[in-house]
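The next block is entry-v1.cif, given as mmCIF, C-alpha atoms.
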```
data_upload
#
loop_
_atom_site.group_PDB
_atom_site.id
_atom_site.type_symbol
_atom_site.label_atom_id
_atom_site.label_comp_id
_atom_site.auth_asym_id
_atom_site.auth_seq_id
_atom_site.Cartn_x
_atom_site.Cartn_y
_atom_site.Cartn_z
ATOM 1 C CA MET I 26 335.054 -133.571 -72.870
ATOM 2 C CA ARG I 27 338.649 -134.668 -73.247
ATOM 3 C CA ILE I 28 341.095 -133.055 -70.859
ATOM 4 C CA LEU I 29 344.652 -132.720 -72.083
ATOM 5 C CA ILE I 30 347.277 -133.019 -69.355
ATOM 6 C CA LYS I 31 350.848 -132.171 -70.234
ATOM 7 C CA SER I 32 353.388 -134.702 -69.055
ATOM 8 C CA PRO I 33 356.576 -133.572 -67.276
ATOM 9 C CA GLU I 34 358.538 -134.429 -70.440
ATOM 10 C CA THR I 35 356.261 -132.188 -72.525
ATOM 11 C CA LYS I 36 356.582 -129.324 -70.067
ATOM 12 C CA LEU I 37 360.358 -129.731 -70.032
ATOM 13 C CA GLY I 38 360.403 -129.688 -73.847
ATOM 14 C CA LEU I 39 358.302 -126.512 -73.962
ATOM 15 C CA PHE I 40 360.552 -124.875 -71.386
ATOM 16 C CA ARG I 41 363.640 -125.744 -73.410
ATOM 17 C CA LEU I 42 362.048 -124.403 -76.596
ATOM 18 C CA LYS I 43 361.106 -121.155 -74.863
ATOM 19 C CA PHE I 44 364.599 -120.852 -73.393
ATOM 20 C CA LEU I 45 366.091 -121.423 -76.877
ATOM 21 C CA LEU I 46 363.864 -118.749 -78.435
ATOM 22 C CA LEU I 47 364.775 -116.276 -75.711
ATOM 23 C CA GLY I 48 368.446 -117.053 -76.306
ATOM 24 C CA LEU I 49 367.995 -116.450 -80.037
ATOM 25 C CA SER I 50 366.249 -113.163 -79.239
ATOM 26 C CA LEU I 51 369.185 -112.080 -77.102
ATOM 27 C CA ALA I 52 371.687 -113.186 -79.755
ATOM 28 C CA SER I 53 369.768 -111.238 -82.408
ATOM 29 C CA LEU I 54 369.815 -108.207 -80.167
ATOM 30 C CA VAL I 55 373.611 -108.499 -79.883
ATOM 31 C CA ILE I 56 373.821 -108.704 -83.686
ATOM 32 C CA CYS I 57 371.658 -105.584 -83.883
ATOM 33 C CA VAL I 58 373.962 -103.696 -81.499
ATOM 34 C CA LEU I 59 377.147 -104.775 -83.268
ATOM 35 C CA SER I 60 375.794 -104.062 -86.745
ATOM 36 C CA GLY I 61 374.480 -100.709 -85.553
ATOM 37 C CA ALA I 62 377.968 -99.808 -84.375
ATOM 38 C CA ALA I 63 379.340 -101.015 -87.714
ATOM 39 C CA HIS I 64 376.810 -98.894 -89.578
ATOM 40 C CA TYR I 65 377.895 -95.735 -87.769
ATOM 41 C CA ARG I 66 381.547 -96.646 -88.458
ATOM 42 C CA LYS I 67 380.693 -96.764 -92.207
ATOM 43 C CA ALA I 68 380.992 -100.556 -92.502
ATOM 44 C CA GLY I 69 378.647 -101.697 -95.244
ATOM 45 C CA TRP I 70 377.565 -104.988 -93.612
ATOM 46 C CA GLY I 71 376.000 -103.099 -90.716
ATOM 47 C CA ASP I 72 373.508 -101.290 -92.951
ATOM 48 C CA SER I 73 371.310 -104.328 -93.532
ATOM 49 C CA TRP I 74 371.978 -106.384 -90.392
ATOM 50 C CA HIS I 75 371.097 -103.503 -88.110
ATOM 51 C CA PRO I 76 367.323 -103.640 -88.807
ATOM 52 C CA ILE I 77 367.367 -107.407 -89.493
ATOM 53 C CA GLY I 78 368.856 -108.143 -86.073
ATOM 54 C CA TRP I 79 366.335 -105.863 -84.405
ATOM 55 C CA LEU I 80 363.373 -107.505 -86.177
ATOM 56 C CA LEU I 81 364.656 -111.015 -85.431
ATOM 57 C CA SER I 82 365.038 -110.119 -81.762
ATOM 58 C CA ILE I 83 361.442 -108.898 -81.561
ATOM 59 C CA GLY I 84 360.195 -111.876 -83.591
ATOM 60 C CA PHE I 85 361.873 -114.528 -81.408
ATOM 61 C CA LEU I 86 360.599 -112.800 -78.272
ATOM 62 C CA VAL I 87 357.007 -112.820 -79.542
ATOM 63 C CA VAL I 88 357.181 -116.458 -80.686
ATOM 64 C CA ALA I 89 358.599 -117.507 -77.304
ATOM 65 C CA PHE I 90 355.453 -116.308 -75.565
ATOM 66 C CA LEU I 91 352.825 -117.179 -78.148
ATOM 67 C CA PRO I 92 349.778 -118.809 -76.527
ATOM 68 C CA GLY I 93 348.817 -122.376 -77.310
ATOM 69 C CA GLN I 94 346.148 -123.330 -79.834
ATOM 70 C CA ARG I 95 343.508 -123.752 -77.125
ATOM 71 C CA ASP I 96 344.251 -120.305 -75.724
ATOM 72 C CA VAL I 97 344.010 -118.753 -79.204
ATOM 73 C CA MET I 98 340.605 -120.351 -79.830
ATOM 74 C CA THR I 99 339.425 -119.258 -76.391
ATOM 75 C CA GLY I 100 340.565 -115.728 -77.158
ATOM 76 C CA PHE I 101 338.651 -115.627 -80.428
ATOM 77 C CA ARG I 102 335.513 -116.984 -78.792
ATOM 78 C CA SER I 103 335.764 -114.348 -76.082
ATOM 79 C CA LEU I 104 335.444 -111.624 -78.752
ATOM 80 C CA VAL I 105 331.874 -112.692 -79.542
ATOM 81 C CA LYS I 106 330.150 -110.583 -76.918
ATOM 82 C CA PRO I 107 328.396 -107.199 -76.584
ATOM 83 C CA LYS I 108 331.584 -105.449 -75.454
ATOM 84 C CA THR I 109 333.147 -106.079 -78.875
ATOM 85 C CA ALA I 110 330.142 -104.492 -80.597
ATOM 86 C CA PHE I 111 330.421 -101.535 -78.223
ATOM 87 C CA PHE I 112 334.027 -100.849 -79.211
ATOM 88 C CA LEU I 113 333.332 -101.405 -82.915
ATOM 89 C CA PHE I 114 330.562 -98.808 -82.754
ATOM 90 C CA TRP I 115 332.879 -96.181 -81.285
ATOM 91 C CA VAL I 116 335.658 -96.944 -83.774
ATOM 92 C CA LEU I 117 333.225 -96.508 -86.674
ATOM 93 C CA PHE I 118 331.927 -93.336 -85.027
ATOM 94 C CA PHE I 119 335.478 -91.971 -84.827
ATOM 95 C CA VAL I 120 336.281 -92.756 -88.456
ATOM 96 C CA MET I 121 332.979 -91.510 -89.888
ATOM 97 C CA SER I 122 333.046 -88.258 -87.914
ATOM 98 C CA HIS I 123 336.546 -87.510 -89.189
ATOM 99 C CA LEU I 124 335.550 -88.226 -92.780
ATOM 100 C CA TRP I 125 332.351 -86.165 -92.563
ATOM 101 C CA ASN I 126 332.314 -83.393 -95.180
ATOM 102 C CA PHE I 127 335.722 -84.567 -96.354
ATOM 103 C CA PRO I 128 335.592 -82.742 -99.735
ATOM 104 C CA THR I 129 335.306 -79.344 -98.005
ATOM 105 C CA ALA I 130 337.556 -80.069 -95.008
ATOM 106 C CA PRO I 131 341.061 -78.544 -94.761
ATOM 107 C CA TRP I 132 342.477 -82.071 -95.079
ATOM 108 C CA ASN I 133 340.640 -82.957 -98.314
ATOM 109 C CA GLY I 134 343.767 -84.060 -100.143
ATOM 110 C CA ASN I 135 344.379 -80.804 -101.994
ATOM 111 C CA GLY I 136 347.016 -79.473 -99.620
ATOM 112 C CA LEU I 137 349.204 -80.166 -96.607
ATOM 113 C CA PHE I 138 349.762 -78.695 -93.195
ATOM 114 C CA GLU I 139 353.275 -77.321 -92.753
ATOM 115 C CA ASP I 140 354.334 -80.089 -90.363
ATOM 116 C CA SER I 141 353.212 -82.708 -92.879
ATOM 117 C CA ALA I 142 355.204 -81.056 -95.643
ATOM 118 C CA VAL I 143 358.321 -81.027 -93.447
ATOM 119 C CA ASP I 144 357.985 -84.725 -92.630
ATOM 120 C CA LEU I 145 357.389 -85.702 -96.253
ATOM 121 C CA SER I 146 360.412 -83.684 -97.305
ATOM 122 C CA TYR I 147 362.452 -85.401 -94.571
ATOM 123 C CA LEU I 148 361.198 -88.803 -95.763
ATOM 124 C CA LYS I 149 362.298 -88.107 -99.328
ATOM 125 C CA SER I 150 365.635 -86.476 -98.485
ATOM 126 C CA TYR I 151 366.904 -88.677 -95.651
ATOM 127 C CA VAL I 152 364.970 -91.941 -95.272
ATOM 128 C CA MET I 153 364.371 -93.023 -98.880
ATOM 129 C CA SER I 154 367.873 -92.257 -100.073
ATOM 130 C CA HIS I 155 369.893 -93.774 -97.195
ATOM 131 C CA PRO I 156 370.342 -97.123 -95.400
ATOM 132 C CA PHE I 157 368.256 -97.763 -92.312
ATOM 133 C CA GLN I 158 369.058 -95.507 -89.368
ATOM 134 C CA PRO I 159 366.892 -94.895 -86.271
ATOM 135 C CA ALA I 160 367.402 -91.119 -86.544
ATOM 136 C CA TRP I 161 368.936 -88.566 -88.885
ATOM 137 C CA PHE I 162 370.136 -85.067 -88.160
ATOM 138 C CA HIS I 163 367.844 -82.608 -89.936
ATOM 139 C CA SER I 164 370.007 -79.789 -91.217
ATOM 140 C CA PHE I 165 369.373 -76.037 -91.318
ATOM 141 C CA PRO I 166 366.985 -74.417 -90.546
ATOM 142 C CA TYR I 167 365.737 -77.167 -88.170
ATOM 143 C CA LEU I 168 369.001 -78.392 -86.610
ATOM 144 C CA ILE I 169 367.394 -81.303 -84.755
ATOM 145 C CA SER I 170 367.603 -85.066 -84.852
ATOM 146 C CA ARG I 171 364.405 -86.693 -86.128
ATOM 147 C CA GLU I 172 363.432 -90.305 -85.374
ATOM 148 C CA THR I 173 362.614 -92.335 -88.475
ATOM 149 C CA LEU I 174 360.275 -95.156 -87.370
ATOM 150 C CA PHE I 175 357.234 -93.060 -88.299
ATOM 151 C CA HIS I 176 358.741 -92.332 -91.705
ATOM 152 C CA TYR I 177 359.351 -96.016 -92.414
ATOM 153 C CA TYR I 178 355.733 -96.721 -91.503
ATOM 154 C CA LEU I 179 354.655 -93.894 -93.795
ATOM 155 C CA TRP I 180 356.924 -95.090 -96.600
ATOM 156 C CA ALA I 181 355.396 -98.592 -96.445
ATOM 157 C CA PHE I 182 351.877 -97.130 -96.407
ATOM 158 C CA LEU I 183 352.596 -94.963 -99.451
ATOM 159 C CA ASN I 184 354.073 -97.902 -101.343
ATOM 160 C CA LEU I 185 350.930 -99.923 -100.686
ATOM 161 C CA PHE I 186 348.294 -97.301 -101.492
ATOM 162 C CA GLY I 187 350.034 -94.745 -103.680
ATOM 163 C CA HIS I 188 352.310 -91.742 -103.251
ATOM 164 C CA ASN I 189 349.686 -89.038 -102.817
ATOM 165 C CA ILE I 190 348.275 -86.774 -100.123
ATOM 166 C CA VAL I 191 345.154 -88.865 -99.497
ATOM 167 C CA SER I 192 347.273 -91.956 -98.753
ATOM 168 C CA TYR I 193 349.347 -89.887 -96.344
ATOM 169 C CA GLU I 194 346.229 -88.675 -94.529
ATOM 170 C CA ALA I 195 344.842 -92.213 -94.443
ATOM 171 C CA ALA I 196 348.066 -93.325 -92.735
ATOM 172 C CA LEU I 197 347.550 -90.639 -90.093
ATOM 173 C CA LEU I 198 343.901 -91.658 -89.602
ATOM 174 C CA VAL I 199 344.974 -95.269 -89.009
ATOM 175 C CA LEU I 200 347.405 -94.147 -86.300
ATOM 176 C CA TRP I 201 344.883 -91.956 -84.517
ATOM 177 C CA SER I 202 342.221 -94.671 -84.775
ATOM 178 C CA GLY I 203 344.661 -96.932 -82.939
ATOM 179 C CA VAL I 204 345.194 -94.265 -80.274
ATOM 180 C CA PHE I 205 341.425 -93.950 -79.922
ATOM 181 C CA ILE I 206 340.931 -97.720 -79.547
ATOM 182 C CA PHE I 207 343.599 -98.154 -76.877
ATOM 183 C CA THR I 208 342.368 -95.074 -75.008
ATOM 184 C CA LEU I 209 338.894 -96.619 -74.789
ATOM 185 C CA LEU I 210 340.323 -100.007 -73.805
ATOM 186 C CA LEU I 211 342.340 -98.352 -71.046
ATOM 187 C CA ALA I 212 339.314 -96.394 -69.804
ATOM 188 C CA GLU I 213 337.181 -99.549 -69.753
ATOM 189 C CA LEU I 214 339.916 -101.494 -67.977
ATOM 190 C CA LEU I 215 340.360 -98.855 -65.268
ATOM 191 C CA PHE I 216 336.718 -97.899 -64.645
ATOM 192 C CA GLU I 217 334.764 -100.954 -65.911
ATOM 193 C CA SER I 218 331.950 -98.665 -67.000
ATOM 194 C CA TYR I 219 330.362 -98.234 -70.415
ATOM 195 C CA VAL I 220 329.241 -94.748 -69.387
ATOM 196 C CA VAL I 221 332.755 -93.555 -68.503
ATOM 197 C CA THR I 222 334.164 -95.154 -71.658
ATOM 198 C CA SER I 223 331.504 -93.473 -73.808
ATOM 199 C CA VAL I 224 332.209 -90.084 -72.249
ATOM 200 C CA THR I 225 335.916 -90.666 -72.898
ATOM 201 C CA ALA I 226 335.116 -91.455 -76.534
ATOM 202 C CA LEU I 227 333.071 -88.290 -76.983
ATOM 203 C CA VAL I 228 335.663 -86.048 -75.318
ATOM 204 C CA PHE I 229 338.524 -87.605 -77.275
ATOM 205 C CA ASN I 230 336.647 -87.349 -80.555
ATOM 206 C CA PHE I 231 335.270 -83.828 -80.362
ATOM 207 C CA LEU I 232 337.935 -81.794 -78.603
ATOM 208 C CA PRO I 233 338.737 -79.275 -81.368
ATOM 209 C CA PHE I 234 342.511 -79.494 -81.119
ATOM 210 C CA ALA I 235 342.521 -83.307 -81.053
ATOM 211 C CA PHE I 236 340.079 -83.460 -83.955
ATOM 212 C CA ILE I 237 342.124 -81.143 -86.180
ATOM 213 C CA TYR I 238 345.468 -82.623 -85.152
ATOM 214 C CA THR I 239 344.427 -86.007 -86.551
ATOM 215 C CA PHE I 240 345.422 -84.842 -90.037
ATOM 216 C CA VAL I 241 348.078 -82.264 -89.207
ATOM 217 C CA GLY I 242 350.862 -84.822 -89.522
ATOM 218 C CA TYR I 243 354.178 -84.775 -87.715
ATOM 219 C CA ARG I 244 355.851 -87.925 -86.397
ATOM 220 C CA TYR I 245 354.469 -88.034 -82.876
ATOM 221 C CA PRO I 246 351.122 -89.795 -83.538
ATOM 222 C CA LEU I 247 353.054 -93.076 -83.680
ATOM 223 C CA THR I 248 354.662 -92.197 -80.346
ATOM 224 C CA VAL I 249 351.232 -91.594 -78.809
ATOM 225 C CA LEU I 250 349.846 -94.869 -80.194
ATOM 226 C CA LEU I 251 352.687 -96.998 -78.849
ATOM 227 C CA CYS I 252 352.659 -95.120 -75.541
ATOM 228 C CA VAL I 253 348.955 -95.751 -74.921
ATOM 229 C CA ALA I 254 349.232 -99.363 -76.129
ATOM 230 C CA SER I 255 352.175 -99.990 -73.767
ATOM 231 C CA LEU I 256 350.310 -98.407 -70.879
ATOM 232 C CA TYR I 257 347.194 -100.486 -71.581
ATOM 233 C CA PHE I 258 349.069 -103.800 -71.659
ATOM 234 C CA LEU I 259 351.022 -102.857 -68.541
ATOM 235 C CA HIS I 260 347.796 -102.167 -66.636
ATOM 236 C CA ARG I 261 346.243 -105.328 -68.069
ATOM 237 C CA ALA I 262 349.199 -107.400 -66.919
ATOM 238 C CA HIS I 263 348.975 -105.874 -63.443
ATOM 239 C CA ALA I 264 345.209 -106.466 -63.347
ATOM 240 C CA LEU I 265 345.779 -110.143 -64.185
ATOM 241 C CA GLY I 266 348.256 -110.403 -61.333
ATOM 242 C CA HIS I 267 351.368 -111.270 -63.332
ATOM 243 C CA LEU I 268 354.744 -109.953 -62.218
ATOM 244 C CA LEU I 269 356.997 -108.869 -65.057
ATOM 245 C CA TRP I 270 360.114 -110.638 -63.818
ATOM 246 C CA ARG I 271 358.337 -114.039 -63.618
ATOM 247 C CA LEU I 272 357.262 -114.062 -67.229
ATOM 248 C CA ALA I 273 360.517 -115.394 -68.656
ATOM 249 C CA LEU I 274 360.051 -118.589 -66.639
ATOM 250 C CA GLU I 275 356.274 -118.981 -66.512
ATOM 251 C CA ARG I 276 353.578 -119.370 -69.116
ATOM 252 C CA ALA I 277 352.743 -115.821 -70.191
ATOM 253 C CA LYS I 278 349.244 -114.472 -70.613
ATOM 254 C CA THR I 279 348.147 -111.475 -72.654
ATOM 255 C CA GLY I 280 349.751 -108.288 -71.428
ATOM 256 C CA PRO I 281 353.402 -108.244 -70.377
ATOM 257 C CA VAL I 282 354.971 -109.364 -73.659
ATOM 258 C CA GLU I 283 352.831 -106.906 -75.600
ATOM 259 C CA PHE I 284 353.920 -104.183 -73.203
ATOM 260 C CA GLY I 285 357.561 -105.031 -73.847
ATOM 261 C CA CYS I 286 357.197 -105.088 -77.637
ATOM 262 C CA TYR I 287 355.131 -101.925 -77.902
ATOM 263 C CA GLY I 288 357.366 -100.190 -75.390
ATOM 264 C CA ARG I 289 360.458 -101.202 -77.309
ATOM 265 C CA LEU I 290 359.022 -99.696 -80.484
ATOM 266 C CA TRP I 291 357.783 -96.679 -78.571
ATOM 267 C CA LEU I 292 361.301 -95.678 -77.517
ATOM 268 C CA HIS I 293 362.280 -95.250 -81.157
ATOM 269 C CA THR I 294 359.428 -92.930 -82.155
ATOM 270 C CA GLY I 295 360.090 -89.671 -80.323
ATOM 271 C CA CYS I 296 361.967 -87.923 -77.545
ATOM 272 C CA TYR I 297 358.812 -87.701 -75.399
ATOM 273 C CA ALA I 298 358.875 -91.496 -75.078
ATOM 274 C CA HIS I 299 361.991 -91.277 -72.901
ATOM 275 C CA PHE I 300 360.333 -88.834 -70.494
ATOM 276 C CA LEU I 301 357.225 -90.997 -70.209
ATOM 277 C CA LEU I 302 359.358 -94.108 -69.728
ATOM 278 C CA HIS I 303 360.882 -92.546 -66.617
ATOM 279 C CA ASP I 304 357.340 -91.991 -65.295
ATOM 280 C CA LEU I 305 356.508 -95.647 -65.944
ATOM 281 C CA GLN I 306 359.645 -96.754 -64.123
ATOM 282 C CA LEU I 307 358.779 -94.624 -61.108
ATOM 283 C CA GLY I 308 355.228 -96.007 -61.161
ATOM 284 C CA THR I 309 356.522 -99.587 -61.330
ATOM 285 C CA LEU I 310 358.830 -99.002 -58.365
ATOM 286 C CA HIS I 311 355.865 -97.570 -56.453
ATOM 287 C CA LEU I 312 353.834 -100.713 -57.189
ATOM 288 C CA LEU I 313 356.674 -102.908 -55.974
#
```
Once more with this new file: its structure as structure tokens, please.
Amino acid sequence: MRILIKSPETKLGLFRLKFLLLGLSLASLVICVLSGAAHYRKAGWGDSWHPIGWLLSIGFLVVAFLPGQRDVMTGFRSLVKPKTAFFLFWVLFFVMSHLWNFPTAPWNGNGLFEDSAVDLSYLKSYVMSHPFQPAWFHSFPYLISRETLFHYYLWAFLNLFGHNIVSYEAALLVLWSGVFIFTLLLAELLFESYVVTSVTALVFNFLPFAFIYTFVGYRYPLTVLLCVASLYFLHRAHALGHLLWRLALERAKTGPVEFGCYGRLWLHTGCYAHFLLHDLQLGTLHLL
């Protein structure tokens, strides 16, 4: 077996590349902030550079901490084990149970819950007909500001699979399937027990309110997904023994960067994210 040892010059080159990518991420974030201010001051150039700067910032951050080829191959090989089959079984169980008797279910594609109708109307009236904006004020009779990240996700999903009710409900099922997966991953990470994880899967799947709410709509399913994903990667990073403030200088493993990216998205999906973020900050201070 050939062992690859990185020379000091190679390590220095990788460090410089990572430092450059982090600098580009920060510069893109500054562009995002400036173009966002320009957008709200009615300057046309800010309309497009606002989301572009934000996406570039996230992209450079992810690339800076991408694992090496050997780590990627090791990660793929680690998926070939009984635990993967266990999670695949529960994901299929979740999807099939929600599609059972679909033609006679209230969410059979022939109608919408009220919350879904409101969000689709908001998508058509505010998101589709305006430049990118993280939130729009929803006029009378609602008189609230609604975040738009969910609506952009929904808009992309509808463009891919068709502008109809079934596509909308499929988009919701994808979100809640993601919530289900990360909930099971978090339970398995915390308790390291197939029994506890299976009980969590059954409770999550068959609680009446949770089961029905899968297809009700509203914009908060994306908030829940990103919240649980952020929490999972934060716990995973802590379980691996990596401190968040060392990651910019050291070789990152799976966990902290994902937490940052999911958490950054999470903040833009709903007001509840800000409350939960304060809880995470208090928990982090407690761990320190």
Chain and number of each residue from the PyMOL selection byres ((chain I and resi 48-63) around 12), as a PyMOL selection string: chain I and resi 41-47+64-90+156-160+273
Got time to write the residues from that selection, C-alpha atoms, as a short mmCIF file (atom, residue, chain, number, x, y, z; two decimals), in the coordinates of the input?
```cif
data_model
loop_
_atom_site.label_atom_id
_atom_site.label_comp_id
_atom_site.auth_asym_id
_atom_site.auth_seq_id
_atom_site.Cartn_x
_atom_site.Cartn_y
_atom_site.Cartn_z
CA ARG I 41 363.64 -125.74 -73.41
CA LEU I 42 362.05 -124.40 -76.60
CA LYS I 43 361.11 -121.16 -74.86
CA PHE I 44 364.60 -120.85 -73.39
CA LEU I 45 366.09 -121.42 -76.88
CA LEU I 46 363.86 -118.75 -78.44
CA LEU I 47 364.78 -116.28 -75.71
CA HIS I 64 376.81 -98.89 -89.58
CA TYR I 65 377.90 -95.74 -87.77
CA ARG I 66 381.55 -96.65 -88.46
CA LYS I 67 380.69 -96.76 -92.21
CA ALA I 68 380.99 -100.56 -92.50
CA GLY I 69 378.65 -101.70 -95.24
CA TRP I 70 377.56 -104.99 -93.61
CA GLY I 71 376.00 -103.10 -90.72
CA ASP I 72 373.51 -101.29 -92.95
CA SER I 73 371.31 -104.33 -93.53
CA TRP I 74 371.98 -106.38 -90.39
CA HIS I 75 371.10 -103.50 -88.11
CA PRO I 76 367.32 -103.64 -88.81
CA ILE I 77 367.37 -107.41 -89.49
CA GLY I 78 368.86 -108.14 -86.07
CA TRP I 79 366.34 -105.86 -84.40
CA LEU I 80 363.37 -107.50 -86.18
CA LEU I 81 364.66 -111.02 -85.43
CA SER I 82 365.04 -110.12 -81.76
CA ILE I 83 361.44 -108.90 -81.56
CA GLY I 84 360.20 -111.88 -83.59
CA PHE I 85 361.87 -114.53 -81.41
CA LEU I 86 360.60 -112.80 -78.27
CA VAL I 87 357.01 -112.82 -79.54
CA VAL I 88 357.18 -116.46 -80.69
CA ALA I 89 358.60 -117.51 -77.30
CA PHE I 90 355.45 -116.31 -75.56
CA PRO I 156 370.34 -97.12 -95.40
CA PHE I 157 368.26 -97.76 -92.31
CA GLN I 158 369.06 -95.51 -89.37
CA PRO I 159 366.89 -94.90 -86.27
CA ALA I 160 367.40 -91.12 -86.54
CA ALA I 273 360.52 -115.39 -68.66
#
```
re CA of Ala195 (chain I) and CA of Leu124 (chain I): distance 10.2 Å
State, in Å with one decimal place, the distance from CA of Met121 (chain I) to CA of Phe205 (chain I). 13.3 Å
The PyMOL selection byres ((chain I and resi 227) around 12) applied to the shown file, residues as a VMD selection string: chain I and resid 115 to 116 118 to 119 122 205 208 to 209 220 to 226 228 to 233 235 to 236
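If only C-alpha atoms are the atoms counted, then among I:Thr109, I:Ile190, I:Asn126, I:Ala262 the closest residue to Ala142 (chain I) is I:Ile190.
Interatomic distance, CA of Pro107 (chain I) to CA of Arg261 (chain I): 19.9 Å.
Proximity of I:Glu217, I:Phe234, I:Ile206, I:Phe240 to Leu113 (chain I), computed with all atoms listed in the file, is greatest for I:Ile206.
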Identify, on the basis of only C-alpha atoms, every residue whose closest approach to Asp140 (chain I) does not exceed 10 Å; exclude the query and any residue fewer than 3 positions from it along the same chain; express the result as a PDB file with C-alpha atoms, in the frame of the given file.
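That gives us selection_26.pdb:
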```pdb
ATOM      1  CA  LEU I 137     349.204 -80.166 -96.607  1.00  0.00           C
ATOM      2  CA  VAL I 143     358.321 -81.027 -93.447  1.00  0.00           C
ATOM      3  CA  ASP I 144     357.985 -84.725 -92.630  1.00  0.00           C
ATOM      4  CA  LEU I 145     357.389 -85.702 -96.253  1.00  0.00           C
ATOM      5  CA  SER I 146     360.412 -83.684 -97.305  1.00  0.00           C
ATOM      6  CA  VAL I 241     348.078 -82.264 -89.207  1.00  0.00           C
ATOM      7  CA  GLY I 242     350.862 -84.822 -89.522  1.00  0.00           C
ATOM      8  CA  TYR I 243     354.178 -84.775 -87.715  1.00  0.00           C
ATOM      9  CA  ARG I 244     355.851 -87.925 -86.397  1.00  0.00           C
TER      10      ARG I 244
END
```
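Comparing the minimum interatomic distances between Ala181 (chain I) and each of I:Asn133, I:Phe138, I:Trp125, I:Leu148, counting only C-alpha atoms, we find that I:Leu148 sits nearest.
Minimum distance to Trp201 (chain I) across I:Val120, I:Asn184, I:Leu168, I:Tyr178 (counting all atoms listed in the file) occurs at I:Val120.
Minimum atom-to-atom distance to Ser150 (chain I), evaluated using all atoms listed in the file, belongs to I:His163 out of I:Phe258, I:Phe40, I:His163, I:Ser202.
Here the PyMOL selection byres ((chain I and resi 247) around 8) captures the residues Phe175, Leu200, Arg244, Tyr245, Pro246, Thr248, Val249, Leu250, Leu251, Trp291 and Thr294 of chain I.
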